[in-house]
$ cat coords_33.tsv   # TSV, C-alpha atoms
chain	number	residue	atom	x	y	z
A	678	MET	CA	9.46	45.85	14.34
A	679	LYS	CA	12.94	45.24	15.66
A	680	GLU	CA	15.47	43.56	13.37
A	681	GLY	CA	15.90	40.62	15.74
A	682	ALA	CA	12.17	39.91	15.82
A	683	MET	CA	11.98	40.14	12.03
A	684	LYS	CA	14.79	37.60	11.68
A	685	LYS	CA	13.00	35.21	14.02
A	686	GLN	CA	9.76	35.55	12.05
A	687	PHE	CA	11.61	34.99	8.77
A	688	SER	CA	13.35	31.90	10.17
A	689	ALA	CA	10.02	30.52	11.42
A	690	LEU	CA	8.44	31.13	8.01
A	691	CYS	CA	11.30	29.35	6.24
A	692	LEU	CA	10.97	26.40	8.60
A	693	MET	CA	7.21	26.18	7.99
A	694	LEU	CA	7.72	26.30	4.22
A	695	ALA	CA	10.38	23.60	4.40
A	696	LEU	CA	8.13	21.35	6.46
A	697	GLY	CA	5.27	21.96	4.04
A	698	VAL	CA	7.40	20.94	1.07
A	699	MET	CA	8.56	17.81	2.85
A	700	LEU	CA	5.01	16.82	3.78
A	701	ILE	CA	3.85	17.31	0.20
A	702	ALA	CA	6.80	15.28	-1.04
A	703	ALA	CA	5.89	12.47	1.33
A	704	SER	CA	2.28	12.34	0.18
A	705	PRO	CA	1.11	9.47	-2.04
A	706	GLY	CA	0.63	11.79	-5.00
A	707	TYR	CA	4.27	12.82	-5.11
A	708	CYS	CA	6.91	10.74	-3.42
A	709	TYR	CA	5.87	7.22	-4.35
A	710	ARG	CA	7.51	6.48	-7.67
A	711	GLU	CA	8.49	2.85	-7.79
A	712	LYS	CA	11.74	1.55	-9.29
A	713	PRO	CA	11.45	-0.57	-12.46
A	714	ASP	CA	12.77	-3.60	-10.59
A	715	ASP	CA	9.80	-3.33	-8.20
A	716	LEU	CA	7.27	-3.92	-11.00
A	717	VAL	CA	6.06	-7.38	-11.91
A	718	SER	CA	4.00	-8.29	-14.97
A	719	ASP	CA	3.06	-11.67	-16.40
A	720	ASN	CA	0.73	-12.72	-19.20
A	721	SER	CA	2.02	-16.27	-19.59
A	722	CYS	CA	-0.97	-18.00	-17.96
A	723	THR	CA	-3.35	-18.66	-20.85
A	724	HIS	CA	-4.70	-22.18	-20.34
A	725	GLY	CA	-8.00	-21.40	-18.60
A	726	VAL	CA	-11.43	-20.75	-20.06
A	727	LYS	CA	-12.15	-17.80	-17.75
A	728	LYS	CA	-9.76	-14.85	-17.81
A	729	ILE	CA	-8.87	-12.86	-14.69
A	730	LEU	CA	-6.95	-9.61	-14.39
A	731	VAL	CA	-4.75	-8.96	-11.36
A	732	THR	CA	-3.72	-5.30	-11.28
A	733	TYR	CA	-1.91	-3.45	-8.53
A	734	ASP	CA	-0.04	-0.34	-7.49
A	735	THR	CA	3.13	-0.54	-5.44
A	736	GLU	CA	5.40	1.72	-3.42
A	737	HIS	CA	8.58	-0.33	-3.18
A	738	GLY	CA	7.59	-3.70	-4.63
A	739	ASN	CA	6.05	-5.59	-1.71
A	740	THR	CA	2.48	-5.35	-3.01
A	741	ALA	CA	3.73	-6.45	-6.44
A	742	LEU	CA	4.97	-9.67	-4.84
A	743	VAL	CA	1.60	-10.24	-3.16
A	744	ALA	CA	-0.13	-9.70	-6.51
A	745	LYS	CA	2.27	-12.14	-8.19
A	746	GLN	CA	1.43	-14.83	-5.62
A	747	ILE	CA	-2.29	-14.31	-6.24
A	748	PHE	CA	-1.60	-14.54	-9.98
A	749	ASP	CA	0.27	-17.83	-9.50
A	750	ASP	CA	-2.51	-19.30	-7.35
A	751	LEU	CA	-5.28	-18.37	-9.80
A	752	CYS	CA	-3.21	-19.74	-12.66
A	753	ALA	CA	-2.79	-23.01	-10.76
A	754	ALA	CA	-6.58	-23.10	-10.36
A	755	ASP	CA	-6.95	-23.26	-14.17
A	756	TYR	CA	-7.74	-19.67	-14.94
A	757	SER	CA	-6.12	-17.58	-17.64
A	758	VAL	CA	-4.59	-14.68	-15.72
A	759	ASP	CA	-2.87	-11.40	-16.58
A	760	LEU	CA	-0.75	-9.62	-13.98
A	761	ILE	CA	-0.33	-5.94	-14.88
A	762	PHE	CA	0.98	-2.91	-12.98
A	763	VAL	CA	-1.94	-0.46	-12.95
A	764	GLU	CA	-0.09	2.33	-14.77
A	765	TYR	CA	0.62	-0.07	-17.66
A	766	PHE	CA	-2.95	-1.35	-17.93
A	767	ASP	CA	-5.31	-0.15	-20.63
A	768	PRO	CA	-8.75	0.29	-18.98
A	769	ALA	CA	-10.39	-0.26	-22.36
A	770	GLU	CA	-9.54	-3.93	-21.82
A	771	ILE	CA	-11.53	-4.34	-18.58
A	772	LEU	CA	-14.55	-5.98	-20.18
A	773	ASN	CA	-12.29	-8.52	-21.89
A	774	TYR	CA	-11.93	-10.17	-18.47
A	775	ASP	CA	-14.30	-12.36	-16.49
A	776	GLY	CA	-13.10	-10.92	-13.20
A	777	ILE	CA	-10.64	-8.41	-11.75
A	778	VAL	CA	-8.47	-8.38	-8.62
A	779	VAL	CA	-7.26	-4.94	-7.55
A	780	GLY	CA	-4.56	-4.27	-4.95
A	781	SER	CA	-2.85	-1.31	-3.33
A	782	PRO	CA	-0.57	-0.76	-0.35
A	783	ILE	CA	-1.65	1.68	2.33
A	784	TYR	CA	0.74	4.60	2.40
A	785	ILE	CA	0.28	7.36	4.98
A	786	GLY	CA	-3.28	6.08	5.43
A	787	LYS	CA	-4.18	6.16	1.73
A	788	TRP	CA	-4.30	3.99	-1.38
A	789	LEU	CA	-1.74	4.84	-4.02
A	790	PRO	CA	-2.74	7.17	-6.88
A	791	GLY	CA	-2.76	4.61	-9.69
A	792	ILE	CA	-5.55	2.52	-8.19
A	793	ASN	CA	-7.48	5.58	-7.05
A	794	LYS	CA	-7.37	6.93	-10.62
A	795	LEU	CA	-8.51	3.58	-12.04
A	796	LEU	CA	-11.51	3.47	-9.70
A	797	LYS	CA	-12.46	7.11	-10.15
A	798	ARG	CA	-12.42	6.97	-13.94
A	799	HIS	CA	-13.59	3.42	-14.60
A	800	HIS	CA	-15.69	2.26	-11.64
A	801	ALA	CA	-18.80	1.90	-13.81
A	802	THR	CA	-16.96	-0.51	-16.10
A	803	ILE	CA	-15.40	-2.44	-13.23
A	804	ALA	CA	-18.88	-2.82	-11.73
A	805	GLN	CA	-19.92	-4.88	-14.76
A	806	ILE	CA	-17.65	-7.82	-13.87
A	807	PRO	CA	-16.89	-9.65	-10.59
A	808	SER	CA	-14.26	-7.75	-8.62
A	809	ALA	CA	-12.10	-8.40	-5.58
A	810	PHE	CA	-9.92	-5.95	-3.68
A	811	PHE	CA	-6.94	-6.30	-1.38
A	812	ILE	CA	-4.78	-3.84	0.52
A	813	THR	CA	-1.44	-4.45	2.15
A	814	CYS	CA	-0.41	-2.73	5.36
A	815	THR	CA	1.78	-3.38	8.37
A	816	ASN	CA	-1.14	-2.86	10.73
A	817	VAL	CA	-2.00	-6.58	10.49
A	818	ARG	CA	1.61	-7.78	10.58
A	819	ASP	CA	1.10	-9.71	13.83
A	820	LEU	CA	-1.88	-11.74	12.61
A	821	THR	CA	-0.67	-15.27	11.91
A	822	THR	CA	-4.08	-16.82	11.26
A	823	ASP	CA	-6.90	-15.86	8.94
A	824	ASN	CA	-8.89	-14.19	11.71
A	825	GLU	CA	-10.99	-11.47	10.12
A	826	SER	CA	-12.72	-10.75	13.42
A	827	ALA	CA	-9.44	-9.69	15.06
A	828	PRO	CA	-9.53	-6.02	16.18
A	829	LYS	CA	-6.49	-5.06	14.09
A	830	TYR	CA	-8.04	-6.60	10.99
A	831	GLN	CA	-11.40	-4.90	11.49
A	832	GLU	CA	-9.66	-1.62	12.29
A	833	SER	CA	-7.72	-1.80	9.01
A	834	LEU	CA	-10.81	-2.77	7.01
A	835	THR	CA	-12.81	0.09	8.50
A	836	ALA	CA	-10.09	2.73	8.27
A	837	PHE	CA	-8.44	1.91	4.96
A	838	MET	CA	-10.55	-0.36	2.76
A	839	ASN	CA	-14.19	0.58	3.24
A	840	PRO	CA	-13.92	4.39	2.87
A	841	VAL	CA	-12.46	4.03	-0.63
A	842	LEU	CA	-14.95	1.45	-1.88
A	843	GLU	CA	-17.88	3.35	-0.39
A	844	LYS	CA	-17.18	6.11	-2.90
A	845	TYR	CA	-18.22	3.70	-5.66
A	846	PRO	CA	-21.48	2.03	-4.59
A	847	ASP	CA	-21.93	0.57	-8.06
A	848	ILE	CA	-18.99	-1.75	-7.34
A	849	VAL	CA	-20.05	-4.70	-5.18
A	850	PRO	CA	-16.90	-6.73	-4.50
A	851	VAL	CA	-17.13	-10.50	-4.33
A	852	SER	CA	-14.32	-10.33	-1.77
A	853	LYS	CA	-12.21	-7.83	0.21
A	854	LYS	CA	-8.99	-8.65	2.01
A	855	VAL	CA	-6.43	-6.93	4.24
A	856	LEU	CA	-3.01	-8.57	3.95
A	857	ALA	CA	0.24	-7.84	5.72
A	858	GLY	CA	2.78	-5.89	3.70
A	859	GLY	CA	6.20	-4.61	4.55
A	860	PHE	CA	9.02	-2.20	3.85
A	861	GLN	CA	12.69	-1.59	4.54
A	862	PHE	CA	14.00	1.73	5.84
A	863	SER	CA	16.75	1.58	3.21
A	864	GLU	CA	14.08	1.77	0.46
A	865	LEU	CA	12.49	4.96	1.77
A	866	TYR	CA	13.16	8.56	0.89
A	867	PRO	CA	14.86	10.46	3.75
A	868	PHE	CA	11.73	12.20	5.01
A	869	GLN	CA	9.69	9.00	4.68
A	870	ARG	CA	12.31	7.27	6.79
A	871	PHE	CA	12.12	10.05	9.36
A	872	LEU	CA	8.31	9.79	9.60
A	873	MET	CA	8.33	6.00	9.87
A	874	LYS	CA	10.98	6.00	12.58
A	875	LEU	CA	9.19	8.80	14.41
A	876	ALA	CA	6.01	6.69	14.38
A	877	LYS	CA	8.07	3.66	15.51
A	878	TYR	CA	7.02	1.49	12.59
A	879	PRO	CA	9.03	-1.74	12.48
A	880	GLU	CA	10.69	-2.53	9.17
A	881	GLY	CA	10.55	-5.96	7.57
A	882	ASP	CA	8.71	-8.26	5.21
A	883	PHE	CA	5.51	-9.25	7.03
A	884	ARG	CA	3.81	-11.10	4.18
A	885	LYS	CA	2.10	-14.33	5.23
A	886	SER	CA	2.30	-16.67	2.26
A	887	ASP	CA	-0.28	-19.08	3.66
A	888	LEU	CA	-2.85	-16.31	4.16
A	889	ILE	CA	-2.31	-15.00	0.63
A	890	ASP	CA	-2.73	-18.53	-0.76
A	891	ALA	CA	-5.89	-19.10	1.28
A	892	TRP	CA	-7.51	-15.92	-0.02
A	893	ALA	CA	-6.49	-16.66	-3.60
A	894	GLU	CA	-7.98	-20.15	-3.31
A	895	ASP	CA	-11.24	-18.63	-2.09
A	896	LEU	CA	-11.18	-16.28	-5.06
A	897	ALA	CA	-10.69	-19.22	-7.41
A	898	ASP	CA	-13.90	-20.74	-6.05
A	899	THR	CA	-15.75	-17.41	-6.13
A	900	PHE	CA	-14.87	-16.57	-9.73
A	901	LYS	CA	-16.19	-19.90	-11.05
$ encode --input "coords_33.tsv" --output "structure tokens"
Amino acid sequence: MKEGAMKKQFSALCLMLALGVMLIAASPGYCYREKPDDLVSDNSCTHGVKKILVTYDTEHGNTALVAKQIFDDLCAADYSVDLIFVEYFDPAEILNYDGIVVGSPIYIGKWLPGINKLLKRHHATIAQIPSAFFITCTNVRDLTTDNESAPKYQESLTAFMNPVLEKYPDIVPVSKKVLAGGFQFSELYPFQRFLMKLAKYPEGDFRKSDLIDAWAEDLADTFK
């Protein structure tokens, strides 16, 4: 083989290896570590008879804020509520709760590892108490009303929510919800930023406070 051809093959191999490393780094199992400031925990709501756990995973903090709003709404509905980042939660405590709310953002089409690990290892325990699940994604960012029949909503439910929960048929959720999330390009790792811009994802905070409140109020009725 000529030297020039060998150099081209070597350059192509190096490029493929570099792309492979970047793709692995951008996957949910690697490049998702949140900053401490993104994490929210609260165990100050102790006045209710029934006790609810709200646990979540987060990429850059947006889903933590959604979980905190759900926590506040359930607390206002006279429940005792704990809000705990999933990596800080002791699964041995699950049965000390009367219900659990579990949330994850959708990142490159997948739930984050912390929630996936919780479900894989402890689904049988979770199945013993009422459970509700929510995901956040920008796919429903344009929905301004609680229209679960909207194509974008159904598409997100079918593509992102149902495939995960179908792995654990022993869990029968009392409620499932797709909520708008958000992100800022400045928060992303360089290759994440490249992928998002390449896919023409708009940046911003697309949370709809009224839709979060409405779902949390429904949960308050359901958990009674």
$ residues_near_point --input "coords_33.tsv" --point "(-16.1, 0.3, -13.7)" --cutoff "12 Å" --atoms "all atoms listed in the file" --output "count of residues only"
30
$ closest_residue --input "coords_33.tsv" --among "A:Val726, A:Leu888, A:Leu751, A:Met838" --to "A:Ser781" --atoms "all atoms listed in the file"
A:Met838
$ atom_distance --input "coords_33.tsv" --atom1 "atom CA of A:Gln746" --atom2 "atom CA of A:Phe811"
12.7 Å
$ residues_around --input "coords_33.tsv" --residues "A:Arg818" --least-positions-apart "5" --cutoff "12 Å" --atoms "only C-alpha atoms" --output "MDAnalysis selection string"
chainID A and resid 813 823 829:830 833 855:860 878:885 888
$ closest_residue --input "coords_33.tsv" --among "A:Tyr784, A:Tyr756, A:Tyr765, A:Phe871" --to "A:Val717" --atoms "all atoms listed in the file"
A:Tyr765
$ atom_distance --input "coords_33.tsv" --atom1 "atom CA of A:Val763" --atom2 "atom CA of A:Asp734"
5.8 Å
$ residues_near_point --input "coords_33.tsv" --point "(0.0, -11.3, -21.8)" --cutoff "6 Å" --atoms "all atoms listed in the file" --output "list in words"
Asn720, Ser721 and Asp759 of chain A
$ atom_distance --input "coords_33.tsv" --atom1 "atom CA of A:Tyr774" --atom2 "atom CA of A:Cys814"
27.5 Å
$ closest_residue --input "coords_33.tsv" --among "A:Leu730, A:Leu896, A:Val817, A:Ile812" --to "A:Asn839" --atoms "all atoms listed in the file"
A:Ile812
